[in-house]
Structure formats: C-alpha cells, structure tokens
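S.K.: Got a structure for you, upload_5.pdb, holding PDB, C-alpha atoms.
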```pdb
MODEL        1
ATOM      1  CA  ALA A   1     104.022 160.407  77.212
ATOM      2  CA  VAL A   2     105.092 163.942  76.435
ATOM      3  CA  ASN A   3     102.766 166.553  77.913
ATOM      4  CA  LEU A   4     100.952 168.261  75.005
ATOM      5  CA  LYS A   5     100.999 171.569  76.861
ATOM      6  CA  TYR A   6     104.809 171.623  76.802
ATOM      7  CA  ILE A   7     104.803 170.814  73.101
ATOM      8  CA  CYS A   8     102.605 173.865  72.547
ATOM      9  CA  TYR A   9     104.969 176.097  74.490
ATOM     10  CA  LEU A  10     107.857 174.670  72.461
ATOM     11  CA  VAL A  11     106.008 175.736  69.298
ATOM     12  CA  LEU A  12     105.772 179.272  70.674
ATOM     13  CA  LEU A  13     109.456 179.287  71.635
ATOM     14  CA  ILE A  14     110.523 178.150  68.171
ATOM     15  CA  SER A  15     108.342 180.886  66.676
ATOM     16  CA  VAL A  16     110.009 183.527  68.842
ATOM     17  CA  LEU A  17     113.446 182.309  67.792
ATOM     18  CA  ALA A  18     112.284 182.494  64.171
ATOM     19  CA  GLY A  19     111.653 186.209  64.537
ATOM     20  CA  PHE A  20     108.062 186.493  65.735
ATOM     21  CA  THR A  21     107.046 188.688  68.673
ATOM     22  CA  PHE A  22     104.288 187.774  71.112
ATOM     23  CA  TYR A  23     102.107 189.837  73.392
ATOM     24  CA  LYS A  24      99.426 188.838  75.871
ATOM     25  CA  GLY A  25      96.241 190.678  76.738
ATOM     26  CA  LYS A  26      93.614 189.750  79.310
ATOM     27  CA  SER A  27      90.746 191.632  77.733
ATOM     28  CA  PHE A  28      89.859 192.972  74.350
ATOM     29  CA  SER A  29      86.903 193.924  72.228
ATOM     30  CA  LEU A  30      85.032 191.985  69.622
ATOM     31  CA  ASP A  31      82.463 192.975  67.077
ATOM     32  CA  PRO A  32      79.318 190.911  67.794
ATOM     33  CA  GLY A  33      78.736 190.491  64.081
ATOM     34  CA  ALA A  34      81.964 188.604  63.401
ATOM     35  CA  ASP A  35      81.885 185.198  61.782
ATOM     36  CA  SER A  36      81.548 181.707  63.228
ATOM     37  CA  LYS A  37      85.228 181.463  64.157
ATOM     38  CA  SER A  38      84.954 184.505  66.387
ATOM     39  CA  ILE A  39      85.590 184.526  70.086
ATOM     40  CA  GLY A  40      82.874 183.565  72.550
ATOM     41  CA  GLN A  41      82.648 183.703  76.339
ATOM     42  CA  ASP A  42      85.222 180.998  77.162
ATOM     43  CA  PRO A  43      88.983 181.600  77.429
ATOM     44  CA  GLN A  44      90.393 181.663  73.927
ATOM     45  CA  ILE A  45      93.389 182.737  71.871
ATOM     46  CA  ILE A  46      93.162 185.239  69.050
ATOM     47  CA  ILE A  47      96.077 185.788  66.667
ATOM     48  CA  LEU A  48      96.591 189.106  64.901
ATOM     49  CA  GLY A  49      99.316 189.991  62.436
ATOM     50  CA  GLU A  50     100.021 191.593  59.097
ATOM     51  CA  ARG A  51     100.545 189.626  55.923
ATOM     52  CA  GLN A  52     103.691 187.486  55.871
ATOM     53  CA  THR A  53     104.029 187.244  59.657
ATOM     54  CA  GLY A  54     103.105 183.573  59.971
ATOM     55  CA  VAL A  55      99.565 183.832  61.320
ATOM     56  CA  PRO A  56      98.108 180.860  59.350
ATOM     57  CA  TRP A  57     100.991 178.614  60.417
ATOM     58  CA  LEU A  58     100.734 179.555  64.097
ATOM     59  CA  GLU A  59      96.971 179.104  64.033
ATOM     60  CA  GLN A  60      97.447 175.610  62.634
ATOM     61  CA  GLN A  61      99.934 174.702  65.371
ATOM     62  CA  LEU A  62      98.028 176.180  68.302
ATOM     63  CA  THR A  63      94.770 174.585  67.198
ATOM     64  CA  LYS A  64      96.405 171.245  67.923
ATOM     65  CA  CYS A  65      97.055 172.343  71.498
ATOM     66  CA  PHE A  66      94.221 174.645  72.521
ATOM     67  CA  PRO A  67      90.478 174.175  71.937
ATOM     68  CA  LYS A  68      89.621 177.670  70.733
ATOM     69  CA  VAL A  69      91.992 179.587  68.493
ATOM     70  CA  THR A  70      90.898 182.195  65.966
ATOM     71  CA  THR A  71      92.380 184.777  63.623
ATOM     72  CA  SER A  72      89.074 186.548  63.089
ATOM     73  CA  PHE A  73      88.395 189.629  65.177
ATOM     74  CA  HIS A  74      86.255 192.535  63.992
ATOM     75  CA  ARG A  75      87.668 191.578  60.580
ATOM     76  CA  PRO A  76      90.391 189.091  59.545
ATOM     77  CA  HIS A  77      93.759 189.369  61.293
ATOM     78  CA  THR A  78      95.542 191.169  58.456
ATOM     79  CA  TRP A  79      93.511 194.350  58.607
ATOM     80  CA  PHE A  80      92.915 197.275  60.960
ATOM     81  CA  GLN A  81      90.600 196.314  63.804
ATOM     82  CA  ASN A  82      87.699 198.494  64.966
ATOM     83  CA  PRO A  83      85.917 196.405  67.619
ATOM     84  CA  THR A  84      82.923 197.445  69.695
ATOM     85  CA  GLN A  85      82.227 194.875  72.422
ATOM     86  CA  SER A  86      84.386 193.965  75.442
ATOM     87  CA  TYR A  87      85.306 190.368  76.307
ATOM     88  CA  LYS A  88      87.231 188.895  79.247
ATOM     89  CA  ASN A  89      89.255 185.734  79.843
ATOM     90  CA  ALA A  90      90.933 185.699  76.468
ATOM     91  CA  HIS A  91      94.498 186.068  75.286
ATOM     92  CA  ALA A  92      95.802 187.816  72.209
ATOM     93  CA  VAL A  93      98.934 186.889  70.277
ATOM     94  CA  LEU A  94     100.323 189.662  68.071
ATOM     95  CA  LEU A  95     102.812 188.557  65.449
ATOM     96  CA  THR A  96     105.461 190.709  63.863
ATOM     97  CA  ARG A  97     108.729 190.050  62.069
ATOM     98  CA  ASP A  98     112.086 191.653  61.658
ATOM     99  CA  PRO A  99     111.338 194.673  59.418
ATOM    100  CA  TYR A 100     113.763 193.674  56.662
ATOM    101  CA  ALA A 101     112.519 190.068  56.467
ATOM    102  CA  TRP A 102     108.916 191.270  56.497
ATOM    103  CA  LEU A 103     109.494 193.853  53.769
ATOM    104  CA  GLU A 104     111.278 191.264  51.632
ATOM    105  CA  ALA A 105     108.310 188.892  51.967
ATOM    106  CA  MET A 106     105.777 191.639  51.262
ATOM    107  CA  LYS A 107     107.694 192.789  48.181
ATOM    108  CA  HIS A 108     107.831 189.232  46.887
ATOM    109  CA  SER A 109     104.119 188.451  47.355
ATOM    110  CA  CYS A 110     102.362 191.845  47.012
ATOM    111  CA  LEU A 111      99.090 190.388  48.312
ATOM    112  CA  ASN A 112      96.245 192.898  47.799
ATOM    113  CA  MET A 113      98.695 195.634  46.805
ATOM    114  CA  PRO A 114      99.012 195.319  43.019
ATOM    115  CA  THR A 115     100.367 198.810  42.423
ATOM    116  CA  HIS A 116     103.450 197.883  44.471
ATOM    117  CA  ARG A 117     104.469 195.079  42.128
ATOM    118  CA  ASN A 118     107.588 195.096  39.967
ATOM    119  CA  LEU A 119     109.211 197.986  41.814
ATOM    120  CA  ASP A 120     112.831 198.228  42.868
ATOM    121  CA  TRP A 121     113.580 198.408  46.578
ATOM    122  CA  LYS A 122     113.692 202.208  46.818
ATOM    123  CA  GLN A 123     110.444 202.599  44.899
ATOM    124  CA  PHE A 124     108.752 199.916  46.965
ATOM    125  CA  LEU A 125     109.706 201.557  50.266
ATOM    126  CA  GLU A 126     108.835 205.098  49.207
ATOM    127  CA  LYS A 127     105.667 204.583  47.172
ATOM    128  CA  PRO A 128     102.546 205.942  48.941
ATOM    129  CA  TRP A 129     100.222 203.219  50.216
ATOM    130  CA  THR A 130      97.391 203.689  47.726
ATOM    131  CA  LEU A 131      96.316 203.095  44.150
ATOM    132  CA  THR A 132      98.212 204.799  41.354
ATOM    133  CA  ASP A 133      97.720 208.578  41.631
ATOM    134  CA  ASN A 134      95.364 207.892  44.571
ATOM    135  CA  GLU A 135      92.474 207.650  42.116
ATOM    136  CA  ARG A 136      89.366 205.707  43.078
ATOM    137  CA  PRO A 137      87.612 203.570  40.466
ATOM    138  CA  ASN A 138      84.228 204.721  39.186
ATOM    139  CA  ARG A 139      82.465 201.952  41.109
ATOM    140  CA  ASP A 140      83.313 203.765  44.376
ATOM    141  CA  LYS A 141      81.263 206.864  43.529
ATOM    142  CA  GLU A 142      78.054 205.309  44.835
ATOM    143  CA  TYR A 143      79.462 205.363  48.378
ATOM    144  CA  GLU A 144      81.551 208.539  48.469
ATOM    145  CA  ASN A 145      79.123 210.307  50.833
ATOM    146  CA  SER A 146      78.573 207.323  53.098
ATOM    147  CA  THR A 147      79.812 207.274  56.692
ATOM    148  CA  GLN A 148      78.772 203.666  57.282
ATOM    149  CA  PRO A 149      80.941 200.517  56.958
ATOM    150  CA  VAL A 150      79.718 199.765  53.425
ATOM    151  CA  CYS A 151      83.057 198.973  51.807
ATOM    152  CA  GLN A 152      84.978 195.747  51.497
ATOM    153  CA  LEU A 153      85.908 194.107  54.817
ATOM    154  CA  LYS A 154      83.362 196.328  56.602
ATOM    155  CA  PHE A 155      85.514 199.434  56.192
ATOM    156  CA  LYS A 156      84.040 202.900  55.813
ATOM    157  CA  TYR A 157      84.642 204.854  52.596
ATOM    158  CA  SER A 158      87.272 206.976  54.358
ATOM    159  CA  GLN A 159      89.172 203.923  55.601
ATOM    160  CA  VAL A 160      90.038 201.977  52.458
ATOM    161  CA  ILE A 161      90.702 202.383  48.741
ATOM    162  CA  PRO A 162      89.020 201.118  46.689
ATOM    163  CA  CYS A 163      85.751 200.857  48.568
ATOM    164  CA  VAL A 164      84.265 198.217  46.274
ATOM    165  CA  ALA A 165      86.259 195.069  45.569
ATOM    166  CA  SER A 166      87.098 194.306  41.964
ATOM    167  CA  SER A 167      85.052 191.406  40.637
ATOM    168  CA  GLU A 168      87.541 190.962  37.797
ATOM    169  CA  LYS A 169      90.442 189.996  40.037
ATOM    170  CA  ASN A 170      91.158 187.041  42.296
ATOM    171  CA  ASP A 171      91.461 187.500  46.042
ATOM    172  CA  HIS A 172      95.215 188.118  45.975
ATOM    173  CA  ASP A 173      95.082 190.622  43.117
ATOM    174  CA  ASN A 174      92.133 192.583  44.477
ATOM    175  CA  PRO A 175      93.548 195.885  45.775
ATOM    176  CA  ILE A 176      92.930 196.660  49.446
ATOM    177  CA  TYR A 177      94.831 199.761  50.478
ATOM    178  CA  GLU A 178      93.949 200.719  54.036
ATOM    179  CA  LEU A 179      93.998 204.434  54.752
ATOM    180  CA  ASP A 180      94.918 206.244  57.944
ATOM    181  CA  GLN A 181      91.935 205.382  60.132
ATOM    182  CA  GLU A 182      91.879 208.858  61.685
ATOM    183  CA  THR A 183      92.636 211.174  58.778
ATOM    184  CA  GLY A 184      91.415 209.113  55.824
ATOM    185  CA  GLN A 185      94.653 209.880  53.968
ATOM    186  CA  PRO A 186      97.011 207.349  52.381
ATOM    187  CA  PHE A 187     100.082 206.345  54.343
ATOM    188  CA  ASP A 188     103.299 207.784  52.967
ATOM    189  CA  SER A 189     104.910 204.344  52.811
ATOM    190  CA  ILE A 190     104.543 200.702  53.725
ATOM    191  CA  LEU A 191     106.615 201.266  56.862
ATOM    192  CA  GLN A 192     104.201 203.960  58.014
ATOM    193  CA  LEU A 193     101.383 201.470  57.507
ATOM    194  CA  ARG A 194     103.304 198.861  59.526
ATOM    195  CA  THR A 195     103.673 201.225  62.483
ATOM    196  CA  ALA A 196     100.033 202.310  62.446
ATOM    197  CA  LYS A 197      98.801 198.720  62.074
ATOM    198  CA  PHE A 198     100.768 197.396  65.008
ATOM    199  CA  ASN A 199      99.736 200.325  67.196
ATOM    200  CA  ASN A 200      96.138 199.560  66.247
ATOM    201  CA  PHE A 201      96.567 195.927  67.308
ATOM    202  CA  LEU A 202      98.124 196.978  70.607
ATOM    203  CA  ASN A 203      95.333 199.426  71.361
ATOM    204  CA  VAL A 204      92.720 196.803  70.549
ATOM    205  CA  VAL A 205      93.941 194.061  72.849
ATOM    206  CA  GLN A 206      95.438 196.287  75.583
ATOM    207  CA  PRO A 207      98.285 193.862  76.099
ATOM    208  CA  HIS A 208     101.364 193.763  78.262
ATOM    209  CA  VAL A 209     104.508 191.998  77.170
ATOM    210  CA  GLY A 210     104.662 188.443  78.406
ATOM    211  CA  SER A 211     104.061 184.835  77.583
ATOM    212  CA  ILE A 212     100.899 182.927  76.795
ATOM    213  CA  SER A 213      99.263 181.381  79.828
TER     214      SER A 213
ENDMDL
END
```
In structure tokens, how does this file's structure come out?
M.R.:
Amino acid sequence: AVNLKYICYLVLLISVLAGFTFYKGKSFSLDPGADSKSIGQDPQIIILGERQTGVPWLEQQLTKCFPKVTTSFHRPHTWFQNPTQSYKNAHAVLLTRDPYAWLEAMKHSCLNMPTHRNLDWKQFLEKPWTLTDNERPNRDKEYENSTQPVCQLKFKYSQVIPCVASSEKNDHDNPIYELDQETGQPFDSILQLRTAKFNNFLNVVQPHVGSIS
C-alpha cells in the first residue's frame, strides 16, 4: 500500500510546481476567541493566503492526510491577522502565487471589492484600495469614534472600510477594503495591499523558509 504521508507530500510538491509558495513556522499566535476550527494545543497546520491563492483546495487535500488543518486564525485566512495568544507545536503554510496570475484571478473574481469591477488593467492596478472616493456609508457613523474591534471580521474602525457590512449584498458583493493597519489609510493599489498582507502573515507566524514536517 502507498504510504499516505508520501501522498500528502506529493500534494504539496504539485502545489509548489503550480506556483504556490510555502513557509513553515514553529510558533505563532492565536486569538482565544476564534471559532471551532481554530488551533488547539496539539500539533496542527494552519493555512493563510489571500483570495485566489488556492487555500480552500489545499485545506481539502491536507485534511485527508493530517488530523488537524485549519484556515481560521484570528480571522479567516484571507484577511489581516492580529492575534494575541502564543501557541507552540504548530506549523503554518502561507500561500502566494505568481503576481501576474494572482492579479488576473483577482480582476476576474473581484470578491469583496466591488468598486474594482469592470476596470481595464491599468485602472485595476492603479485604483486606490477603497470605496469610490474613499467615502464611508452612513451606517458607519455610529462607530467612527470607536477604538474597539466592532466592525466586520472583528476589525477596528480604522482598519477596514466600510465598518458595517451591507445587508443588501451577498457575501461576495459585500465590500471589505482593508486599510493600512498602522496608518488607517487606504493602500495606493492592490499590489501595495499584497505586500502588506504577506508581510503581516510572515510576522504573525514567524516562519523560516522550509518544508512541512
């Protein structure tokens, strides 16, 4: 019989050849209030990655091989992570793609970024990462003086626009434009967001380049 462990490593190898990048970390932080799929005390694998990097697919494959795999950290894998509690004996897998392939996929889907739809390539790359004219909807006014994580996905008011999710839109159409987590300002472009997001993931898991073990 074929050893299941080697099948799992083959899955990772195929993913690397397909354009994904993997990192390993031996410790990272976790918000104790995360959901039921969150990491516990035992060795586990957590997968982080932006939209269109293959996180759901890899989670599905690794779940067949390893007992505890999750894509939920302080908040779901797609978004900036702001964890508070340290955990040991766990490994993190950070997924990224070739920039051109990723941008092509993001432009095609526009998940949670409705103001970036129907733009040509130059407009898509250069448009600031925010709502049109950086204007917040009226429903956000209730929280404009708050410094607590009262907004969608447990973000603070200064970390996301809009703060309150739109009840009139489905999950994919609901705008979620993450702001610079330090300055509270919109990113100048989607590529600037990409850089900041991946740096955030790296800082969270404190990884070194290597393979999953």
S.K.: Using all atoms listed in the file, pick whichever of A:Phe80, A:Lys64, A:Thr96, A:Leu131 has the shortest atom-to-atom distance to Gly49 of chain A.
M.R.: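 Of all the options, A:Thr96 lies closest to Gly49 of chain A.
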S.K.: Measuring atom to atom with only C-alpha atoms, identify which of A:Gln159, A:Asn112, A:Asn145, A:Gln44 is nearest to Phe66 of chain A.
M.R.: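 That would be A:Gln44, the residue with the smallest distance to Phe66 of chain A.
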S.K.: Applied to the shown file, which residues does the PyMOL selection byres ((chain A and resi 179) around 12) return, written as a VMD selection string?
M.R.: chain A and resid 79 to 80 128 to 131 134 155 to 163 176 to 178 180 to 190 192 to 194 196 to 197
S.K.: Which one of A:Ser146, A:Lys107, A:Asn200, A:Ala165 sits closest to Gln123 of chain A if you count all atoms listed in the file?
M.R.: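 Distance minimum relative to Gln123 of chain A lands on A:Lys107.
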S.K.: Do you have the atom CA of His108 of chain A-atom CA of Trp57 of chain A distance handy?
M.R.: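 Distance between the two atoms: 18.5 Å.
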S.K.: Might you spell out which residues the PyMOL selection byres ((chain A and resi 56) around 12) would select in the displayed file, as a CSV table (one decimal) with C-alpha atoms, keeping the file's coordinate frame?
M.R.:
```csv
chain,number,residue,atom,x,y,z
A,46,ILE,CA,93.2,185.2,69.0
A,47,ILE,CA,96.1,185.8,66.7
A,48,LEU,CA,96.6,189.1,64.9
A,49,GLY,CA,99.3,190.0,62.4
A,50,GLU,CA,100.0,191.6,59.1
A,51,ARG,CA,100.5,189.6,55.9
A,52,GLN,CA,103.7,187.5,55.9
A,53,THR,CA,104.0,187.2,59.7
A,54,GLY,CA,103.1,183.6,60.0
A,55,VAL,CA,99.6,183.8,61.3
A,57,TRP,CA,101.0,178.6,60.4
A,58,LEU,CA,100.7,179.6,64.1
A,59,GLU,CA,97.0,179.1,64.0
A,60,GLN,CA,97.4,175.6,62.6
A,61,GLN,CA,99.9,174.7,65.4
A,62,LEU,CA,98.0,176.2,68.3
A,63,THR,CA,94.8,174.6,67.2
A,69,VAL,CA,92.0,179.6,68.5
A,70,THR,CA,90.9,182.2,66.0
A,71,THR,CA,92.4,184.8,63.6
A,72,SER,CA,89.1,186.5,63.1
A,76,PRO,CA,90.4,189.1,59.5
A,77,HIS,CA,93.8,189.4,61.3
A,78,THR,CA,95.5,191.2,58.5
A,95,LEU,CA,102.8,188.6,65.4
```
S.K.: Please compute the atom CA of Gln152 of chain A-atom CA of Thr195 of chain A distance, one decimal, in Å.
M.R.: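 So the answer is 22.4 Å.
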S.K.: Can you pull out every residue within 10 Å of Asn138 of chain A, counting all atoms listed in the file, but drop anything in the same chain fewer than 3 positions away, and send it as a list in words?
M.R.: Glu135, Lys141, Glu142, Pro162 and Val164 of chain A
S.K.: If I take atom CA of Cys110 of chain A and atom CA of Asp140 of chain A, how far is one from the other in Å, to one decimal?
M.R.: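 Atom-to-atom, atom CA of Cys110 of chain A and atom CA of Asp140 of chain A are spaced 22.6 Å apart.
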S.K.: Spell out the residues picked by the PyMOL selection byres ((chain A and resi 174) around 8) here, as a list in words.
M.R.: Asn112, Met113, Pro114, Ala165, Ser166, Lys169, Asn170, Asp171, His172, Asp173, Pro175 and Ile176 of chain A
S.K.: Please dump the current selection as a PDB file, in the coordinates of the input; keep C-alpha atoms.
M.R.:
```pdb
ATOM      1  CA  ASN A 112      96.245 192.898  47.799  1.00  0.00           C
ATOM      2  CA  MET A 113      98.695 195.634  46.805  1.00  0.00           C
ATOM      3  CA  PRO A 114      99.012 195.319  43.019  1.00  0.00           C
ATOM      4  CA  ALA A 165      86.259 195.069  45.569  1.00  0.00           C
ATOM      5  CA  SER A 166      87.098 194.306  41.964  1.00  0.00           C
ATOM      6  CA  LYS A 169      90.442 189.996  40.037  1.00  0.00           C
ATOM      7  CA  ASN A 170      91.158 187.041  42.296  1.00  0.00           C
ATOM      8  CA  ASP A 171      91.461 187.500  46.042  1.00  0.00           C
ATOM      9  CA  HIS A 172      95.215 188.118  45.975  1.00  0.00           C
ATOM     10  CA  ASP A 173      95.082 190.622  43.117  1.00  0.00           C
ATOM     11  CA  PRO A 175      93.548 195.885  45.775  1.00  0.00           C
ATOM     12  CA  ILE A 176      92.930 196.660  49.446  1.00  0.00           C
TER      13      ILE A 176
END
```
S.K.: For segment 108-126 of chain A, supply N, CA and C atoms and format the output as a tab-separated table (two decimals), in the coordinates of the input.
M.R.:
```tsv
chain	number	residue	atom	x	y	z
A	108	HIS	N	107.88	190.43	47.72
A	108	HIS	CA	107.83	189.23	46.89
A	108	HIS	C	106.40	188.81	46.56
A	109	SER	N	105.50	188.94	47.54
A	109	SER	CA	104.12	188.45	47.36
A	109	SER	C	103.16	189.51	46.84
A	110	CYS	N	103.25	190.73	47.39
A	110	CYS	CA	102.36	191.84	47.01
A	110	CYS	C	100.88	191.46	47.08
A	111	LEU	N	100.49	190.77	48.15
A	111	LEU	CA	99.09	190.39	48.31
A	111	LEU	C	98.22	191.61	48.54
A	112	ASN	N	97.21	191.80	47.70
A	112	ASN	CA	96.24	192.90	47.80
A	112	ASN	C	96.88	194.27	47.66
A	113	MET	N	98.05	194.33	47.05
A	113	MET	CA	98.70	195.63	46.80
A	113	MET	C	99.33	195.62	45.42
A	114	PRO	N	98.51	195.50	44.39
A	114	PRO	CA	99.01	195.32	43.02
A	114	PRO	C	99.84	196.47	42.48
A	115	THR	N	99.59	197.69	42.96
A	115	THR	CA	100.37	198.81	42.42
A	115	THR	C	101.79	198.86	43.01
A	116	HIS	N	102.10	197.95	43.92
A	116	HIS	CA	103.45	197.88	44.47
A	116	HIS	C	104.27	196.76	43.83
A	117	ARG	N	103.74	196.15	42.79
A	117	ARG	CA	104.47	195.08	42.13
A	117	ARG	C	105.52	195.63	41.17
A	118	ASN	N	106.55	194.81	40.97
A	118	ASN	CA	107.59	195.10	39.97
A	118	ASN	C	108.29	196.43	40.20
A	119	LEU	N	108.48	196.77	41.46
A	119	LEU	CA	109.21	197.99	41.81
A	119	LEU	C	110.58	197.60	42.37
A	120	ASP	N	111.56	198.49	42.21
A	120	ASP	CA	112.83	198.23	42.87
A	120	ASP	C	112.68	198.56	44.36
A	121	TRP	N	113.70	198.26	45.13
A	121	TRP	CA	113.58	198.41	46.58
A	121	TRP	C	113.24	199.84	46.99
A	122	LYS	N	113.93	200.81	46.44
A	122	LYS	CA	113.69	202.21	46.82
A	122	LYS	C	112.27	202.62	46.47
A	123	GLN	N	111.82	202.26	45.30
A	123	GLN	CA	110.44	202.60	44.90
A	123	GLN	C	109.43	201.92	45.80
A	124	PHE	N	109.67	200.67	46.12
A	124	PHE	CA	108.75	199.92	46.96
A	124	PHE	C	108.62	200.56	48.35
A	125	LEU	N	109.72	200.97	48.92
A	125	LEU	CA	109.71	201.56	50.27
A	125	LEU	C	109.11	202.95	50.29
A	126	GLU	N	109.25	203.69	49.20
A	126	GLU	CA	108.84	205.10	49.21
A	126	GLU	C	107.49	205.35	48.56
```
